[in-house]
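What follows is input13.tsv (TSV, C-alpha atoms).
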chain	number	residue	atom	x	y	z
A	271	MET	CA	-29.21	-39.53	-38.88
A	272	PRO	CA	-29.32	-43.07	-40.26
A	273	ASN	CA	-31.87	-43.62	-42.99
A	274	LYS	CA	-32.23	-47.33	-42.40
A	275	LYS	CA	-33.30	-49.32	-39.36
A	276	ASN	CA	-30.50	-51.26	-37.69
A	277	GLU	CA	-32.20	-54.59	-38.24
A	278	ASP	CA	-32.46	-53.92	-41.97
A	279	LEU	CA	-28.70	-53.69	-42.46
A	280	PRO	CA	-27.09	-56.74	-44.10
A	281	GLY	CA	-24.92	-58.76	-41.73
A	282	LYS	CA	-21.82	-58.23	-43.84
A	283	THR	CA	-22.38	-54.47	-43.74
A	284	VAL	CA	-22.55	-54.56	-39.94
A	285	GLU	CA	-19.28	-56.53	-39.87
A	286	ARG	CA	-17.61	-53.94	-42.07
A	287	LEU	CA	-18.97	-51.06	-39.99
A	288	SER	CA	-17.33	-52.57	-36.93
A	289	GLN	CA	-14.06	-52.90	-38.83
A	290	TYR	CA	-14.35	-49.34	-40.16
A	291	ARG	CA	-14.78	-48.03	-36.64
A	292	ARG	CA	-11.71	-49.89	-35.38
A	293	LEU	CA	-9.60	-48.44	-38.19
A	294	LEU	CA	-11.07	-44.98	-37.64
A	295	PHE	CA	-10.13	-45.14	-33.95
A	296	ASN	CA	-6.56	-45.86	-35.04
A	297	SER	CA	-6.64	-42.91	-37.42
A	298	LEU	CA	-7.82	-40.61	-34.63
A	299	GLN	CA	-4.94	-41.76	-32.44
A	300	GLU	CA	-2.58	-40.89	-35.29
A	301	GLY	CA	-3.95	-37.35	-35.29
A	302	LYS	CA	-6.05	-37.57	-38.45
A	303	THR	CA	-9.36	-35.68	-38.56
A	304	ASN	CA	-10.61	-36.64	-42.03
A	305	ILE	CA	-10.37	-39.68	-44.25
A	306	TYR	CA	-11.34	-40.42	-47.84
A	307	SER	CA	-13.24	-43.47	-49.04
A	308	HIS	CA	-10.23	-44.69	-51.03
A	309	GLU	CA	-8.04	-44.51	-47.89
A	310	LEU	CA	-10.53	-46.54	-45.84
A	311	ALA	CA	-10.95	-48.95	-48.74
A	312	ARG	CA	-7.20	-49.53	-48.96
A	313	LEU	CA	-6.97	-50.28	-45.23
A	314	MET	CA	-9.83	-52.78	-45.56
A	315	ASN	CA	-8.80	-54.32	-48.91
A	316	LEU	CA	-12.12	-53.18	-50.37
A	317	THR	CA	-13.12	-50.92	-53.24
A	318	PRO	CA	-14.01	-47.28	-52.57
A	319	VAL	CA	-17.42	-48.02	-54.09
A	320	GLN	CA	-18.10	-50.63	-51.39
A	321	VAL	CA	-17.09	-48.21	-48.64
A	322	ARG	CA	-19.33	-45.45	-50.00
A	323	ARG	CA	-22.22	-47.88	-50.42
A	324	ASP	CA	-21.93	-49.08	-46.80
A	325	LEU	CA	-21.81	-45.55	-45.42
A	326	MET	CA	-24.71	-44.41	-47.59
A	327	LEU	CA	-26.77	-47.22	-46.04
A	328	ILE	CA	-26.38	-45.54	-42.65
A	329	GLY	CA	-27.07	-42.11	-44.08
A	330	TYR	CA	-23.56	-40.71	-44.12
A	331	SER	CA	-21.75	-39.09	-47.03
A	332	GLY	CA	-18.50	-37.19	-47.15
A	333	SER	CA	-17.38	-34.28	-49.27
A	334	GLN	CA	-15.14	-34.46	-52.32
A	335	SER	CA	-12.75	-31.93	-50.84
A	336	LYS	CA	-12.43	-33.27	-47.26
A	337	GLY	CA	-13.71	-36.82	-47.34
A	338	TYR	CA	-15.32	-38.10	-44.13
A	339	ILE	CA	-15.04	-36.40	-40.75
A	340	ILE	CA	-13.65	-39.23	-38.65
A	341	LYS	CA	-15.20	-38.27	-35.29
A	342	ASP	CA	-18.65	-37.84	-36.84
A	343	LEU	CA	-18.40	-41.17	-38.61
A	344	VAL	CA	-17.22	-42.97	-35.45
A	345	ASN	CA	-20.14	-41.51	-33.50
A	346	LEU	CA	-22.67	-42.47	-36.16
A	347	ILE	CA	-21.39	-46.04	-36.42
A	348	GLY	CA	-21.64	-46.24	-32.64
A	349	LYS	CA	-25.28	-45.17	-32.77
A	350	ILE	CA	-25.97	-47.85	-35.36
A	351	ILE	CA	-24.09	-50.74	-33.75
A	352	ASP	CA	-24.21	-50.07	-30.02
A	353	SER	CA	-27.10	-50.37	-27.61
A	354	ASP	CA	-28.02	-47.14	-25.81
A	355	THR	CA	-27.78	-48.83	-22.41
A	356	GLY	CA	-24.95	-51.23	-23.23
A	357	GLN	CA	-25.01	-55.02	-23.32
A	358	ARG	CA	-23.59	-57.59	-20.94
A	359	ILE	CA	-21.66	-60.68	-21.97
A	360	ALA	CA	-20.78	-64.04	-20.42
A	361	ILE	CA	-17.88	-66.28	-21.40
A	362	VAL	CA	-18.85	-69.95	-21.09
A	363	GLY	CA	-15.78	-72.13	-20.81
A	364	MET	CA	-12.69	-70.62	-19.17
A	365	GLY	CA	-9.99	-72.72	-20.77
A	366	ASN	CA	-7.11	-71.12	-22.65
A	367	LEU	CA	-9.38	-69.70	-25.36
A	368	GLY	CA	-11.99	-68.36	-22.93
A	369	ARG	CA	-9.34	-66.64	-20.83
A	370	ALA	CA	-7.61	-65.21	-23.89
A	371	ILE	CA	-10.86	-63.75	-25.26
A	372	THR	CA	-11.73	-62.26	-21.87
A	373	SER	CA	-8.31	-60.70	-21.35
A	374	TYR	CA	-8.22	-59.28	-24.86
A	375	PHE	CA	-11.71	-57.82	-24.89
A	376	LEU	CA	-11.93	-56.23	-21.43
A	377	GLY	CA	-12.14	-52.47	-21.80
A	378	LYS	CA	-12.14	-52.52	-25.61
A	379	ARG	CA	-15.75	-51.34	-26.00
A	380	GLU	CA	-17.69	-49.05	-23.71
A	381	LYS	CA	-21.07	-50.53	-24.61
A	382	LEU	CA	-20.07	-54.21	-24.35
A	383	SER	CA	-19.05	-55.58	-20.97
A	384	ILE	CA	-17.95	-59.09	-20.01
A	385	VAL	CA	-19.49	-59.44	-16.56
A	386	ALA	CA	-19.40	-63.18	-15.86
A	387	ALA	CA	-17.73	-66.44	-16.82
A	388	PHE	CA	-18.81	-70.05	-16.33
A	389	ASP	CA	-16.96	-73.34	-16.11
A	390	ASN	CA	-17.41	-76.78	-14.57
A	391	ASP	CA	-13.85	-77.06	-13.20
A	392	PRO	CA	-13.90	-76.48	-9.40
A	393	GLN	CA	-10.37	-75.07	-9.60
A	394	LYS	CA	-11.67	-72.23	-11.78
A	395	THR	CA	-15.03	-71.47	-10.18
A	396	ASP	CA	-15.77	-69.04	-7.34
A	397	ARG	CA	-12.76	-66.94	-8.19
A	398	ILE	CA	-11.78	-64.03	-10.44
A	399	ILE	CA	-10.20	-65.04	-13.76
A	400	ALA	CA	-8.91	-62.42	-16.19
A	401	GLY	CA	-10.76	-59.79	-14.18
A	402	VAL	CA	-14.15	-61.54	-14.34
A	403	PRO	CA	-15.96	-63.63	-11.70
A	404	CYS	CA	-16.12	-67.27	-12.76
A	405	HIS	CA	-19.14	-69.29	-11.61
A	406	HIS	CA	-19.95	-72.96	-11.81
A	407	ILE	CA	-21.95	-73.84	-14.90
A	408	ASN	CA	-24.84	-75.05	-12.75
A	409	LYS	CA	-25.44	-71.41	-11.71
A	410	LEU	CA	-25.86	-70.26	-15.31
A	411	LYS	CA	-29.66	-70.15	-15.33
A	412	GLU	CA	-29.62	-68.15	-12.11
A	413	ILE	CA	-26.89	-65.63	-12.92
A	414	VAL	CA	-27.67	-64.86	-16.58
A	415	PRO	CA	-31.05	-63.21	-15.85
A	416	ALA	CA	-29.86	-61.74	-12.53
A	417	GLU	CA	-26.98	-59.97	-14.30
A	418	SER	CA	-29.08	-59.03	-17.36
A	419	ILE	CA	-26.67	-60.92	-19.62
A	420	SER	CA	-27.87	-61.04	-23.23
A	421	ILE	CA	-24.82	-62.39	-25.10
A	422	ALA	CA	-22.76	-65.53	-24.51
A	423	VAL	CA	-19.40	-66.51	-25.97
A	424	LEU	CA	-19.25	-70.30	-26.12
A	425	THR	CA	-15.79	-71.88	-25.76
A	426	VAL	CA	-16.65	-75.22	-24.15
A	427	ALA	CA	-15.52	-78.71	-25.22
A	428	PRO	CA	-17.36	-80.02	-28.31
A	429	GLU	CA	-19.17	-82.75	-26.36
A	430	ALA	CA	-20.68	-80.14	-24.02
A	431	THR	CA	-21.79	-77.69	-26.71
A	432	TYR	CA	-25.40	-78.79	-27.21
A	433	GLU	CA	-26.21	-79.06	-23.52
A	434	VAL	CA	-24.63	-75.72	-22.63
A	435	ALA	CA	-26.31	-73.99	-25.56
A	436	LYS	CA	-29.63	-75.40	-24.39
A	437	GLN	CA	-29.04	-73.97	-20.91
A	438	LEU	CA	-28.13	-70.59	-22.37
A	439	LEU	CA	-31.34	-70.45	-24.40
A	440	GLU	CA	-33.41	-71.48	-21.39
A	441	ALA	CA	-31.71	-68.73	-19.38
A	442	GLY	CA	-32.84	-66.12	-21.93
A	443	ILE	CA	-29.65	-65.48	-23.89
A	444	LYS	CA	-30.39	-63.57	-27.11
A	445	GLY	CA	-27.04	-63.88	-28.88
A	446	ILE	CA	-24.40	-66.63	-29.03
A	447	LEU	CA	-20.89	-66.42	-30.45
A	448	ASN	CA	-19.95	-70.06	-30.97
A	449	TYR	CA	-16.22	-70.80	-30.95
A	450	THR	CA	-16.70	-74.57	-30.73
A	451	SER	CA	-16.40	-76.96	-33.66
A	452	VAL	CA	-20.03	-78.03	-33.26
A	453	PRO	CA	-22.61	-76.17	-35.42
A	454	LEU	CA	-25.68	-74.94	-33.57
A	455	THR	CA	-29.28	-74.20	-34.45
A	456	VAL	CA	-31.10	-71.52	-32.48
A	457	PRO	CA	-34.77	-70.47	-32.42
A	458	GLU	CA	-36.12	-67.35	-34.05
A	459	GLY	CA	-35.30	-64.26	-32.05
A	460	VAL	CA	-31.86	-65.54	-31.03
A	461	HIS	CA	-28.82	-64.46	-33.06
A	462	LEU	CA	-25.97	-66.87	-33.73
A	463	GLU	CA	-22.45	-66.22	-34.99
A	464	GLU	CA	-20.22	-69.24	-35.55
A	465	TYR	CA	-16.46	-68.90	-35.75
A	466	ASP	CA	-15.00	-71.92	-37.53
A	467	ILE	CA	-11.20	-71.69	-37.53
A	468	ILE	CA	-10.82	-74.88	-39.61
A	469	THR	CA	-12.98	-73.49	-42.42
A	470	SER	CA	-11.16	-70.17	-42.25
A	471	LEU	CA	-7.77	-71.87	-42.49
A	472	GLU	CA	-8.90	-74.14	-45.32
A	473	LYS	CA	-10.21	-71.11	-47.23
A	474	LEU	CA	-6.89	-69.37	-46.71
A	475	ALA	CA	-4.95	-72.50	-47.74
A	476	PHE	CA	-7.02	-72.76	-50.92
A	477	HIS	CA	-6.08	-69.22	-51.95
A	478	VAL	CA	-2.43	-69.65	-50.98
A	479	LYS	CA	-1.78	-73.02	-52.66
Could you render the structure from this file as structure tokens?
Amino acid sequence: MPNKKNEDLPGKTVERLSQYRRLLFNSLQEGKTNIYSHELARLMNLTPVQVRRDLMLIGYSGSQSKGYIIKDLVNLIGKIIDSDTGQRIAIVGMGNLGRAITSYFLGKREKLSIVAAFDNDPQKTDRIIAGVPCHHINKLKEIVPAESISIAVLTVAPEATYEVAKQLLEAGIKGILNYTSVPLTVPEGVHLEEYDIITSLEKLAFHVK
């Protein structure tokens, strides 16, 4: 059992746990049953010490002779990361990026479900896009609580970001993944992740130059 409350885990550790689980799923599909810290570290470009430290934080340790039991580790990471009842997600903005995210993610995680999308384009609303019903943005405050949606992925145009984020908060959203170029501020009790592709590319360019 984990020896640390979920909310006490550092954000970077949670990120790595998600990445560990994805790699462990791949290892299971390849027929592996056990994995050593140095193998997981190599796949993640980390040190074995970092891997062992992360897994010790969730109360898991392997053996010197067999390493980690992959199925047990996958199940434990799931208990740490996932909600018991699952969580429901909305995509806000069904342009190319919104559709791509929806298509890619559907069916990838049992405990995370994209159940609705929103847009202001009448050619996209009141229809199924990428397997998800797309509603007009003016129905957001009605549908988010009705569908028990707690997470929103924001892919709207920059000029609409603040207003849409405000509507999401008023609707009761507890987590926002912001793919726009506009930084957001959210109140206490709401979790925000911002994906800034320009910063990521500039960081990469700095190391490559």
Counting only C-alpha atoms, which residues of region 341-390 of chain A fall within 12 Å of region 449-463 of chain A, and what is the closest atom pair for each with its distance in Å at one decimal, ordered by chain and rising number, as JSON lines?
{"residue": "A:Ile361", "atom": "CA", "partner": "A:Tyr449", "partner_atom": "CA", "distance": 10.7}
{"residue": "A:Val362", "atom": "CA", "partner": "A:Tyr449", "partner_atom": "CA", "distance": 10.2}
{"residue": "A:Gly363", "atom": "CA", "partner": "A:Tyr449", "partner_atom": "CA", "distance": 10.2}
{"residue": "A:Leu367", "atom": "CA", "partner": "A:Tyr449", "partner_atom": "CA", "distance": 8.9}
{"residue": "A:Gly368", "atom": "CA", "partner": "A:Tyr449", "partner_atom": "CA", "distance": 9.4}
{"residue": "A:Ile371", "atom": "CA", "partner": "A:Tyr449", "partner_atom": "CA", "distance": 10.5}
Long-range neighbours of Ile347 (chain A) as number ranges by chain, 7 Å cut-off, all atoms listed in the file, 4 positions minimum in chain | A: 287, 291, 343, 351
Ile443 (chain A) proximity check over A:Arg358, A:Arg369, A:Lys349, A:Lys282, using only C-alpha atoms: winner is A:Arg358
Counting all atoms listed in the file, what is within 7 Å of Asp396 (chain A), bar same-chain residues fewer than 4 positions away, as a list in words?
->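 Answer for this query is Pro403, Cys404 and His405 of chain A.
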Measuring atom to atom with all atoms listed in the file, identify which of A:Gly348, A:Pro280, A:Gly445, A:Gly337 is nearest to Ile305 (chain A).
->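 Looking at the shortest contact to Ile305 (chain A), the residue is A:Gly337.
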Counting only C-alpha atoms, what is within 12 Å of Asn366 (chain A), bar same-chain residues fewer than 5 positions away, as a ChimeraX atom specification?
-> /A:361,371-373,394,399-400,425-427
Atomic separation - CA of Gly281 (chain A) relative to CA of Lys302 (chain A), Å |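 Atom-to-atom, CA of Lys302 (chain A) to CA of Gly281 (chain A), that is 28.6 Å.
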How far is it from CA of Gly332 (chain A) to CA of Arg286 (chain A), in Å with one decimal?
->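 Answer for the CA of Gly332 (chain A) to CA of Arg286 (chain A) separation: 17.5 Å.
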Fewer than 6 positions away in the same chain doesn't count, so skip those; otherwise give me all residues within 9 Å of Lys341 (chain A), counting all atoms listed in the file, as a count of residues only.
-> 5
At what distance in Å, to one decimal, does CA of Asp278 (chain A) lie from CA of Gly377 (chain A)?
-> 28.7 Å
